[in-house]
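Source file model17.txt; content: compact mmCIF, N, CA and C atoms.
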```txt
# COMPACT_ATOMS: atom_id res chain seq x y z
N MET W 1 0.84 -1.18 0.00
CA MET W 1 0.00 0.00 0.00
C MET W 1 0.88 1.24 0.00
N THR W 2 0.47 2.23 -0.67
CA THR W 2 1.25 3.46 -0.77
C THR W 2 0.96 4.40 0.39
N ASP W 3 1.92 5.23 0.72
CA ASP W 3 1.74 6.21 1.79
C ASP W 3 0.74 7.28 1.39
N ASN W 4 0.66 7.58 0.12
CA ASN W 4 -0.22 8.64 -0.36
C ASN W 4 -1.40 8.03 -1.09
N LEU W 5 -2.57 8.03 -0.46
CA LEU W 5 -3.75 7.42 -1.05
C LEU W 5 -4.20 8.13 -2.32
N PHE W 6 -3.83 9.39 -2.49
CA PHE W 6 -4.26 10.15 -3.66
C PHE W 6 -3.32 10.00 -4.85
N ALA W 7 -2.20 9.29 -4.69
CA ALA W 7 -1.22 9.15 -5.77
C ALA W 7 -1.80 8.42 -6.98
N ALA W 8 -2.78 7.55 -6.76
CA ALA W 8 -3.35 6.78 -7.87
C ALA W 8 -4.37 7.58 -8.67
N LEU W 9 -4.83 8.71 -8.15
CA LEU W 9 -5.80 9.53 -8.86
C LEU W 9 -5.13 10.25 -10.02
N PRO W 10 -5.86 10.41 -11.13
CA PRO W 10 -5.26 11.15 -12.25
C PRO W 10 -5.05 12.61 -11.87
N PRO W 11 -4.02 13.24 -12.44
CA PRO W 11 -3.76 14.64 -12.12
C PRO W 11 -4.91 15.53 -12.58
N VAL W 12 -5.16 16.57 -11.82
CA VAL W 12 -6.20 17.53 -12.17
C VAL W 12 -5.62 18.47 -13.23
N PRO W 13 -6.32 18.63 -14.35
CA PRO W 13 -5.77 19.52 -15.40
C PRO W 13 -5.75 20.97 -14.95
N GLU W 14 -4.77 21.69 -15.47
CA GLU W 14 -4.72 23.14 -15.27
C GLU W 14 -5.39 23.76 -16.49
N SER W 15 -6.47 24.47 -16.26
CA SER W 15 -7.20 25.10 -17.38
C SER W 15 -6.73 26.52 -17.57
N LEU W 16 -6.41 26.86 -18.82
CA LEU W 16 -5.98 28.21 -19.19
C LEU W 16 -6.79 28.66 -20.38
N VAL W 17 -7.04 29.95 -20.46
CA VAL W 17 -7.63 30.51 -21.67
C VAL W 17 -6.45 31.09 -22.45
N ILE W 18 -6.17 30.45 -23.57
CA ILE W 18 -5.03 30.82 -24.43
C ILE W 18 -5.55 30.97 -25.84
N GLY W 19 -5.26 32.07 -26.46
CA GLY W 19 -5.69 32.29 -27.84
C GLY W 19 -7.19 32.17 -28.01
N GLY W 20 -7.93 32.56 -26.98
CA GLY W 20 -9.39 32.51 -27.04
C GLY W 20 -9.99 31.14 -26.79
N GLU W 21 -9.16 30.14 -26.49
CA GLU W 21 -9.64 28.78 -26.23
C GLU W 21 -9.26 28.37 -24.81
N THR W 22 -10.10 27.54 -24.21
CA THR W 22 -9.76 26.97 -22.92
C THR W 22 -8.97 25.69 -23.18
N ILE W 23 -7.77 25.66 -22.65
CA ILE W 23 -6.86 24.53 -22.83
C ILE W 23 -6.68 23.85 -21.47
N ASP W 24 -6.86 22.54 -21.44
CA ASP W 24 -6.59 21.77 -20.24
C ASP W 24 -5.19 21.18 -20.35
N ILE W 25 -4.30 21.60 -19.46
CA ILE W 25 -2.93 21.13 -19.46
C ILE W 25 -2.81 19.98 -18.47
N THR W 26 -2.39 18.83 -18.98
CA THR W 26 -2.17 17.65 -18.15
C THR W 26 -0.80 17.07 -18.50
N PRO W 27 -0.28 16.21 -17.65
CA PRO W 27 0.99 15.55 -18.00
C PRO W 27 0.84 14.77 -19.30
N LEU W 28 1.95 14.60 -19.98
CA LEU W 28 1.97 13.87 -21.24
C LEU W 28 1.54 12.42 -21.04
N LYS W 29 0.97 11.86 -22.08
CA LYS W 29 0.61 10.45 -22.11
C LYS W 29 1.82 9.66 -22.64
N VAL W 30 1.86 8.39 -22.38
CA VAL W 30 2.99 7.55 -22.79
C VAL W 30 3.25 7.66 -24.29
N GLY W 31 2.20 7.65 -25.10
CA GLY W 31 2.37 7.72 -26.55
C GLY W 31 2.91 9.06 -27.04
N GLU W 32 2.79 10.10 -26.22
CA GLU W 32 3.29 11.42 -26.59
C GLU W 32 4.76 11.60 -26.21
N LEU W 33 5.26 10.77 -25.30
CA LEU W 33 6.61 10.95 -24.78
C LEU W 33 7.72 10.82 -25.83
N PRO W 34 7.69 9.83 -26.73
CA PRO W 34 8.82 9.72 -27.66
C PRO W 34 9.05 10.97 -28.52
N ILE W 35 8.00 11.48 -29.15
CA ILE W 35 8.19 12.65 -30.01
C ILE W 35 8.46 13.90 -29.16
N PHE W 36 7.85 13.99 -28.00
CA PHE W 36 8.10 15.14 -27.12
C PHE W 36 9.56 15.13 -26.68
N ALA W 37 10.07 13.97 -26.27
CA ALA W 37 11.46 13.87 -25.83
C ALA W 37 12.43 14.27 -26.94
N ARG W 38 12.17 13.79 -28.16
CA ARG W 38 13.03 14.17 -29.29
C ARG W 38 12.95 15.67 -29.56
N THR W 39 11.77 16.23 -29.39
CA THR W 39 11.56 17.64 -29.67
C THR W 39 12.24 18.54 -28.65
N VAL W 40 12.21 18.16 -27.37
CA VAL W 40 12.81 19.03 -26.35
C VAL W 40 14.31 18.81 -26.17
N ARG W 41 14.84 17.77 -26.82
CA ARG W 41 16.28 17.50 -26.67
C ARG W 41 17.14 18.74 -26.94
N PRO W 42 16.90 19.52 -28.02
CA PRO W 42 17.75 20.69 -28.27
C PRO W 42 17.64 21.79 -27.20
N ILE W 43 16.53 21.82 -26.46
CA ILE W 43 16.34 22.88 -25.48
C ILE W 43 16.43 22.39 -24.04
N ALA W 44 16.59 21.10 -23.84
CA ALA W 44 16.57 20.53 -22.48
C ALA W 44 17.59 21.19 -21.57
N GLY W 45 18.78 21.44 -22.05
CA GLY W 45 19.81 22.06 -21.23
C GLY W 45 19.53 23.52 -20.88
N LYS W 46 18.60 24.13 -21.61
CA LYS W 46 18.28 25.54 -21.37
C LYS W 46 17.06 25.70 -20.47
N LEU W 47 16.41 24.59 -20.15
CA LEU W 47 15.24 24.66 -19.28
C LEU W 47 15.71 24.68 -17.83
N CYS W 48 15.15 25.55 -17.07
CA CYS W 48 15.50 25.71 -15.66
C CYS W 48 14.24 26.19 -14.94
N PRO W 49 14.31 26.40 -13.63
CA PRO W 49 13.11 26.85 -12.93
C PRO W 49 12.53 28.17 -13.44
N ASP W 50 13.37 29.04 -13.98
CA ASP W 50 12.89 30.32 -14.50
C ASP W 50 13.55 30.59 -15.86
N PRO W 51 13.12 29.85 -16.91
CA PRO W 51 13.79 29.99 -18.21
C PRO W 51 13.53 31.34 -18.88
N ASP W 52 14.45 31.72 -19.74
CA ASP W 52 14.30 32.93 -20.55
C ASP W 52 13.54 32.51 -21.81
N TRP W 53 12.21 32.60 -21.76
CA TRP W 53 11.37 32.11 -22.86
C TRP W 53 11.62 32.87 -24.15
N LEU W 54 11.88 34.17 -24.07
CA LEU W 54 12.16 34.95 -25.27
C LEU W 54 13.42 34.44 -25.96
N ARG W 55 14.45 34.17 -25.18
CA ARG W 55 15.69 33.62 -25.73
C ARG W 55 15.45 32.23 -26.33
N LEU W 56 14.72 31.38 -25.60
CA LEU W 56 14.42 30.05 -26.11
C LEU W 56 13.67 30.12 -27.44
N LEU W 57 12.69 31.01 -27.51
CA LEU W 57 11.92 31.16 -28.75
C LEU W 57 12.78 31.69 -29.88
N SER W 58 13.69 32.62 -29.57
CA SER W 58 14.51 33.19 -30.64
C SER W 58 15.59 32.22 -31.12
N GLU W 59 16.12 31.39 -30.24
CA GLU W 59 17.19 30.47 -30.62
C GLU W 59 16.68 29.10 -31.07
N ASP W 60 15.59 28.64 -30.47
CA ASP W 60 15.09 27.29 -30.75
C ASP W 60 13.57 27.31 -30.89
N GLY W 61 13.06 28.32 -31.58
CA GLY W 61 11.62 28.51 -31.69
C GLY W 61 10.86 27.32 -32.23
N GLU W 62 11.40 26.67 -33.26
CA GLU W 62 10.69 25.53 -33.85
C GLU W 62 10.53 24.40 -32.85
N SER W 63 11.57 24.13 -32.06
CA SER W 63 11.49 23.07 -31.04
C SER W 63 10.49 23.44 -29.95
N VAL W 64 10.51 24.69 -29.51
CA VAL W 64 9.58 25.14 -28.47
C VAL W 64 8.15 25.04 -28.98
N ILE W 65 7.90 25.52 -30.18
CA ILE W 65 6.54 25.51 -30.76
C ILE W 65 6.04 24.07 -30.90
N LEU W 66 6.87 23.18 -31.43
CA LEU W 66 6.45 21.79 -31.60
C LEU W 66 6.22 21.12 -30.25
N ALA W 67 7.09 21.36 -29.28
CA ALA W 67 6.91 20.78 -27.94
C ALA W 67 5.60 21.25 -27.31
N LEU W 68 5.32 22.54 -27.44
CA LEU W 68 4.07 23.08 -26.89
C LEU W 68 2.85 22.49 -27.59
N ALA W 69 2.95 22.34 -28.91
CA ALA W 69 1.84 21.77 -29.67
C ALA W 69 1.55 20.33 -29.23
N ILE W 70 2.60 19.56 -29.05
CA ILE W 70 2.42 18.17 -28.61
C ILE W 70 1.80 18.14 -27.22
N ALA W 71 2.34 18.95 -26.32
CA ALA W 71 1.90 18.90 -24.93
C ALA W 71 0.50 19.47 -24.70
N CYS W 72 0.10 20.47 -25.51
CA CYS W 72 -1.26 21.02 -25.32
C CYS W 72 -2.25 20.41 -26.30
N ARG W 73 -1.73 19.50 -27.13
CA ARG W 73 -2.57 18.74 -28.06
C ARG W 73 -3.32 19.64 -29.05
N ARG W 74 -2.57 20.59 -29.58
CA ARG W 74 -3.07 21.51 -30.61
C ARG W 74 -2.07 21.51 -31.77
N PRO W 75 -2.49 21.89 -32.96
CA PRO W 75 -1.55 21.91 -34.09
C PRO W 75 -0.44 22.96 -33.90
N PRO W 76 0.74 22.71 -34.45
CA PRO W 76 1.83 23.69 -34.34
C PRO W 76 1.43 25.06 -34.90
N GLU W 77 0.59 25.08 -35.93
CA GLU W 77 0.16 26.36 -36.52
C GLU W 77 -0.64 27.18 -35.50
N TRP W 78 -1.41 26.51 -34.67
CA TRP W 78 -2.17 27.21 -33.62
C TRP W 78 -1.22 27.85 -32.62
N VAL W 79 -0.20 27.09 -32.21
CA VAL W 79 0.79 27.62 -31.26
C VAL W 79 1.55 28.78 -31.90
N SER W 80 1.92 28.64 -33.16
CA SER W 80 2.66 29.71 -33.87
C SER W 80 1.87 31.01 -33.94
N GLY W 81 0.55 30.92 -33.97
CA GLY W 81 -0.29 32.11 -34.08
C GLY W 81 -0.58 32.80 -32.76
N LEU W 82 -0.07 32.27 -31.64
CA LEU W 82 -0.32 32.87 -30.34
C LEU W 82 0.48 34.16 -30.16
N SER W 83 -0.04 35.05 -29.34
CA SER W 83 0.75 36.22 -28.94
C SER W 83 1.90 35.74 -28.07
N LEU W 84 2.94 36.55 -27.94
CA LEU W 84 4.10 36.17 -27.14
C LEU W 84 3.69 35.90 -25.69
N ASP W 85 2.83 36.76 -25.14
CA ASP W 85 2.39 36.56 -23.75
C ASP W 85 1.67 35.24 -23.58
N ASP W 86 0.76 34.91 -24.52
CA ASP W 86 0.04 33.64 -24.43
C ASP W 86 0.99 32.45 -24.60
N ALA W 87 1.95 32.56 -25.50
CA ALA W 87 2.90 31.47 -25.72
C ALA W 87 3.73 31.22 -24.46
N ILE W 88 4.14 32.29 -23.79
CA ILE W 88 4.93 32.14 -22.56
C ILE W 88 4.08 31.53 -21.45
N ARG W 89 2.84 31.99 -21.30
CA ARG W 89 1.95 31.40 -20.28
C ARG W 89 1.72 29.91 -20.56
N LEU W 90 1.53 29.57 -21.83
CA LEU W 90 1.33 28.18 -22.21
C LEU W 90 2.58 27.36 -21.91
N ALA W 91 3.74 27.88 -22.27
CA ALA W 91 5.00 27.18 -22.02
C ALA W 91 5.20 26.94 -20.52
N GLU W 92 4.95 27.94 -19.72
CA GLU W 92 5.10 27.78 -18.27
C GLU W 92 4.16 26.71 -17.73
N ALA W 93 2.92 26.69 -18.21
CA ALA W 93 1.95 25.69 -17.75
C ALA W 93 2.35 24.29 -18.21
N VAL W 94 2.74 24.16 -19.48
CA VAL W 94 3.10 22.85 -20.05
C VAL W 94 4.32 22.28 -19.34
N PHE W 95 5.39 23.06 -19.26
CA PHE W 95 6.61 22.53 -18.65
C PHE W 95 6.46 22.38 -17.15
N GLY W 96 5.66 23.23 -16.53
CA GLY W 96 5.38 23.08 -15.10
C GLY W 96 4.63 21.81 -14.80
N ALA W 97 3.59 21.53 -15.57
CA ALA W 97 2.78 20.31 -15.35
C ALA W 97 3.61 19.06 -15.59
N ASN W 98 4.44 19.08 -16.59
CA ASN W 98 5.20 17.89 -16.92
C ASN W 98 6.45 17.74 -16.07
N ALA W 99 7.06 18.81 -15.62
CA ALA W 99 8.21 18.70 -14.71
C ALA W 99 7.74 18.07 -13.41
N ASP W 100 6.61 18.54 -12.90
CA ASP W 100 6.05 17.98 -11.68
C ASP W 100 5.76 16.50 -11.86
N PHE W 101 5.18 16.16 -13.00
CA PHE W 101 4.84 14.78 -13.31
C PHE W 101 6.09 13.90 -13.31
N PHE W 102 7.15 14.33 -13.99
CA PHE W 102 8.37 13.54 -14.06
C PHE W 102 9.05 13.43 -12.70
N ILE W 103 9.15 14.53 -11.98
CA ILE W 103 9.87 14.53 -10.71
C ILE W 103 9.12 13.73 -9.64
N ARG W 104 7.82 13.91 -9.57
CA ARG W 104 7.05 13.27 -8.49
C ARG W 104 6.55 11.88 -8.80
N ARG W 105 6.34 11.55 -10.08
CA ARG W 105 5.72 10.26 -10.38
C ARG W 105 6.60 9.34 -11.21
N VAL W 106 7.18 9.81 -12.29
CA VAL W 106 7.92 8.93 -13.19
C VAL W 106 9.24 8.50 -12.58
N VAL W 107 10.06 9.43 -12.10
CA VAL W 107 11.37 9.08 -11.55
C VAL W 107 11.23 8.13 -10.36
N PRO W 108 10.36 8.41 -9.38
CA PRO W 108 10.22 7.44 -8.27
C PRO W 108 9.74 6.06 -8.73
N GLU W 109 8.85 6.03 -9.71
CA GLU W 109 8.34 4.74 -10.19
C GLU W 109 9.44 3.97 -10.92
N ILE W 110 10.23 4.64 -11.74
CA ILE W 110 11.34 3.96 -12.43
C ILE W 110 12.35 3.44 -11.42
N THR W 111 12.64 4.24 -10.40
CA THR W 111 13.56 3.81 -9.35
C THR W 111 13.03 2.58 -8.63
N ARG W 112 11.74 2.60 -8.28
CA ARG W 112 11.12 1.47 -7.58
C ARG W 112 11.18 0.21 -8.44
N VAL W 113 10.81 0.33 -9.71
CA VAL W 113 10.80 -0.83 -10.60
C VAL W 113 12.21 -1.37 -10.81
N SER W 114 13.19 -0.50 -10.99
CA SER W 114 14.56 -0.98 -11.21
C SER W 114 15.10 -1.68 -9.96
N GLN W 115 14.73 -1.19 -8.78
CA GLN W 115 15.15 -1.86 -7.55
C GLN W 115 14.48 -3.22 -7.43
N THR W 116 13.20 -3.30 -7.78
CA THR W 116 12.47 -4.56 -7.73
C THR W 116 13.08 -5.55 -8.71
N LEU W 117 13.35 -5.10 -9.93
CA LEU W 117 13.94 -5.99 -10.93
C LEU W 117 15.32 -6.47 -10.50
N GLY W 118 16.08 -5.60 -9.87
CA GLY W 118 17.41 -5.98 -9.39
C GLY W 118 17.37 -7.10 -8.38
N THR W 119 16.33 -7.16 -7.57
CA THR W 119 16.22 -8.23 -6.59
C THR W 119 15.67 -9.51 -7.20
N LEU W 120 15.03 -9.43 -8.35
CA LEU W 120 14.42 -10.61 -8.98
C LEU W 120 15.34 -11.33 -9.94
N ILE W 121 16.39 -10.68 -10.42
CA ILE W 121 17.29 -11.28 -11.40
C ILE W 121 18.42 -12.00 -10.66
N PRO W 122 18.45 -13.34 -10.75
CA PRO W 122 19.48 -14.09 -10.03
C PRO W 122 20.88 -13.76 -10.53
N GLY W 123 21.82 -13.65 -9.60
CA GLY W 123 23.21 -13.43 -9.95
C GLY W 123 23.56 -11.99 -10.28
N GLN W 124 22.60 -11.11 -10.26
CA GLN W 124 22.89 -9.70 -10.55
C GLN W 124 23.40 -9.02 -9.30
N MET W 125 24.52 -8.38 -9.43
CA MET W 125 25.10 -7.61 -8.33
C MET W 125 25.01 -6.14 -8.70
N PRO W 126 24.72 -5.30 -7.75
CA PRO W 126 24.71 -3.87 -8.06
C PRO W 126 26.07 -3.42 -8.54
N SER W 127 26.07 -2.56 -9.54
CA SER W 127 27.31 -2.06 -10.10
C SER W 127 27.97 -1.08 -9.14
N SER W 128 29.28 -1.22 -8.98
CA SER W 128 30.01 -0.29 -8.13
C SER W 128 30.39 0.97 -8.88
N GLY W 129 30.31 0.89 -10.22
CA GLY W 129 30.66 2.04 -11.03
C GLY W 129 32.14 2.32 -11.06
N SER W 130 32.97 1.34 -10.63
CA SER W 130 34.39 1.59 -10.51
C SER W 130 35.13 1.62 -11.83
N SER W 131 34.67 0.85 -12.82
CA SER W 131 35.36 0.90 -14.10
C SER W 131 34.41 0.55 -15.22
N ASP W 132 34.71 1.06 -16.35
CA ASP W 132 33.95 0.79 -17.56
C ASP W 132 34.40 -0.56 -18.09
N PRO W 133 33.45 -1.43 -18.55
CA PRO W 133 33.86 -2.74 -19.07
C PRO W 133 34.92 -2.64 -20.17
N ALA W 134 34.97 -1.57 -20.90
CA ALA W 134 35.96 -1.41 -21.98
C ALA W 134 37.37 -1.22 -21.43
N THR W 135 37.49 -0.87 -20.15
CA THR W 135 38.80 -0.62 -19.58
C THR W 135 39.36 -1.82 -18.82
N VAL W 136 38.58 -2.91 -18.75
CA VAL W 136 39.02 -4.10 -18.03
C VAL W 136 40.13 -4.78 -18.82
N THR W 137 41.21 -5.17 -18.14
CA THR W 137 42.34 -5.82 -18.78
C THR W 137 42.20 -7.32 -18.59
N PRO W 138 42.30 -8.12 -19.67
CA PRO W 138 42.22 -9.57 -19.51
C PRO W 138 43.38 -10.09 -18.67
N THR W 139 43.11 -11.17 -17.90
CA THR W 139 44.14 -11.73 -17.04
C THR W 139 44.92 -12.84 -17.70
N SER W 140 44.45 -13.36 -18.80
CA SER W 140 45.21 -14.42 -19.47
C SER W 140 45.34 -14.19 -20.94
```

Spell out the structure here as structure tokens.
Amino acid sequence: MTDNLFAALPPVPESLVIGGETIDITPLKVGELPIFARTVRPIAGKLCPDPDWLRLLSEDGESVILALAIACRRPPEWVSGLSLDDAIRLAEAVFGANADFFIRRVVPEITRVSQTLGTLIPGQMPSSGSSDPATVTPTS
């Protein structure tokens, strides 16, 4: 049993009025993760708790627009037509909802599953991380 009885409930969407439409922002679905991950790869290192959205848009606008479109489930053309203020509000909501999702739910679950699998696989020893297999010298 989990310590948090509410952890199994689906996240409550954050509703925003953006570009004249009400958008419900929720964490990404599993099927959306592969393309979203590829899309945010160029900007991942630039994301921080308080990103410079104007700089991100000017340097990596196509990646930001596509990531927002995937996450808010709207066409990229719709995102491209937003005012700068609306695009920034949308970006903050999208990345905020998904950062929380990854930090609070995905990472702990992956850690739990990997620990469980480690105990179920016979003969597996935890890695000490002391050397890379490519650096091991044969003894004979």

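The protein and nucleic acid residues lying at most 8 Å from segment 38-41 of chain W are W:Glu32, W:Glu62, W:Ser63, W:Val64, W:Leu66, W:Ala67, with only N, CA and C atoms considered and sequence neighbours fewer than 6 positions away removed.
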
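Ranking W:Leu117, W:Ala99, W:Cys72, W:Ala87 by their shortest atom-to-atom distance to Ile23 of chain W, with only C-alpha atoms included, puts W:Cys72 first.
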
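Separating atom CA of Cys48 of chain W from atom CA of Ile65 of chain W is a distance of 17.6 Å.
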
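When only N, CA and C atoms are used to measure the gap to Lys29 of chain W, the shortest distance among W:Ala71, W:Leu47, W:Val17, W:Leu56 belongs to W:Ala71.
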
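When atom N of Ile70 of chain W is paired with atom N of Pro51 of chain W, their separation reads 19.1 Å.
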
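Here atom N of Arg112 of chain W stands at a distance of 27.0 Å from atom C of Glu92 of chain W.
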
- Task: Mind listing the strand (DSSP E or B) residues of segment 2-122 of chain W, per DSSP on the backbone, as a PyMOL selection string?
- Result: chain W and resi 14-18+21-25

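Proximity of W:Ile88, W:Val12, W:Thr26, W:Leu82 to Trp53 of chain W, computed with all atoms listed in the file, is greatest for W:Ile88.
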
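Proximity to Asp52 of chain W was assessed for W:Ile25, W:Gly81, W:Asp86, W:Ala91 counting only C-alpha atoms; the smallest distance is recorded for W:Ala91.
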
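With only N, CA and C atoms as the atoms that count, the minimum distance from Pro42 of chain W to the choices W:Pro13, W:Leu68, W:Asp60, W:Gly96 is reached by W:Asp60.
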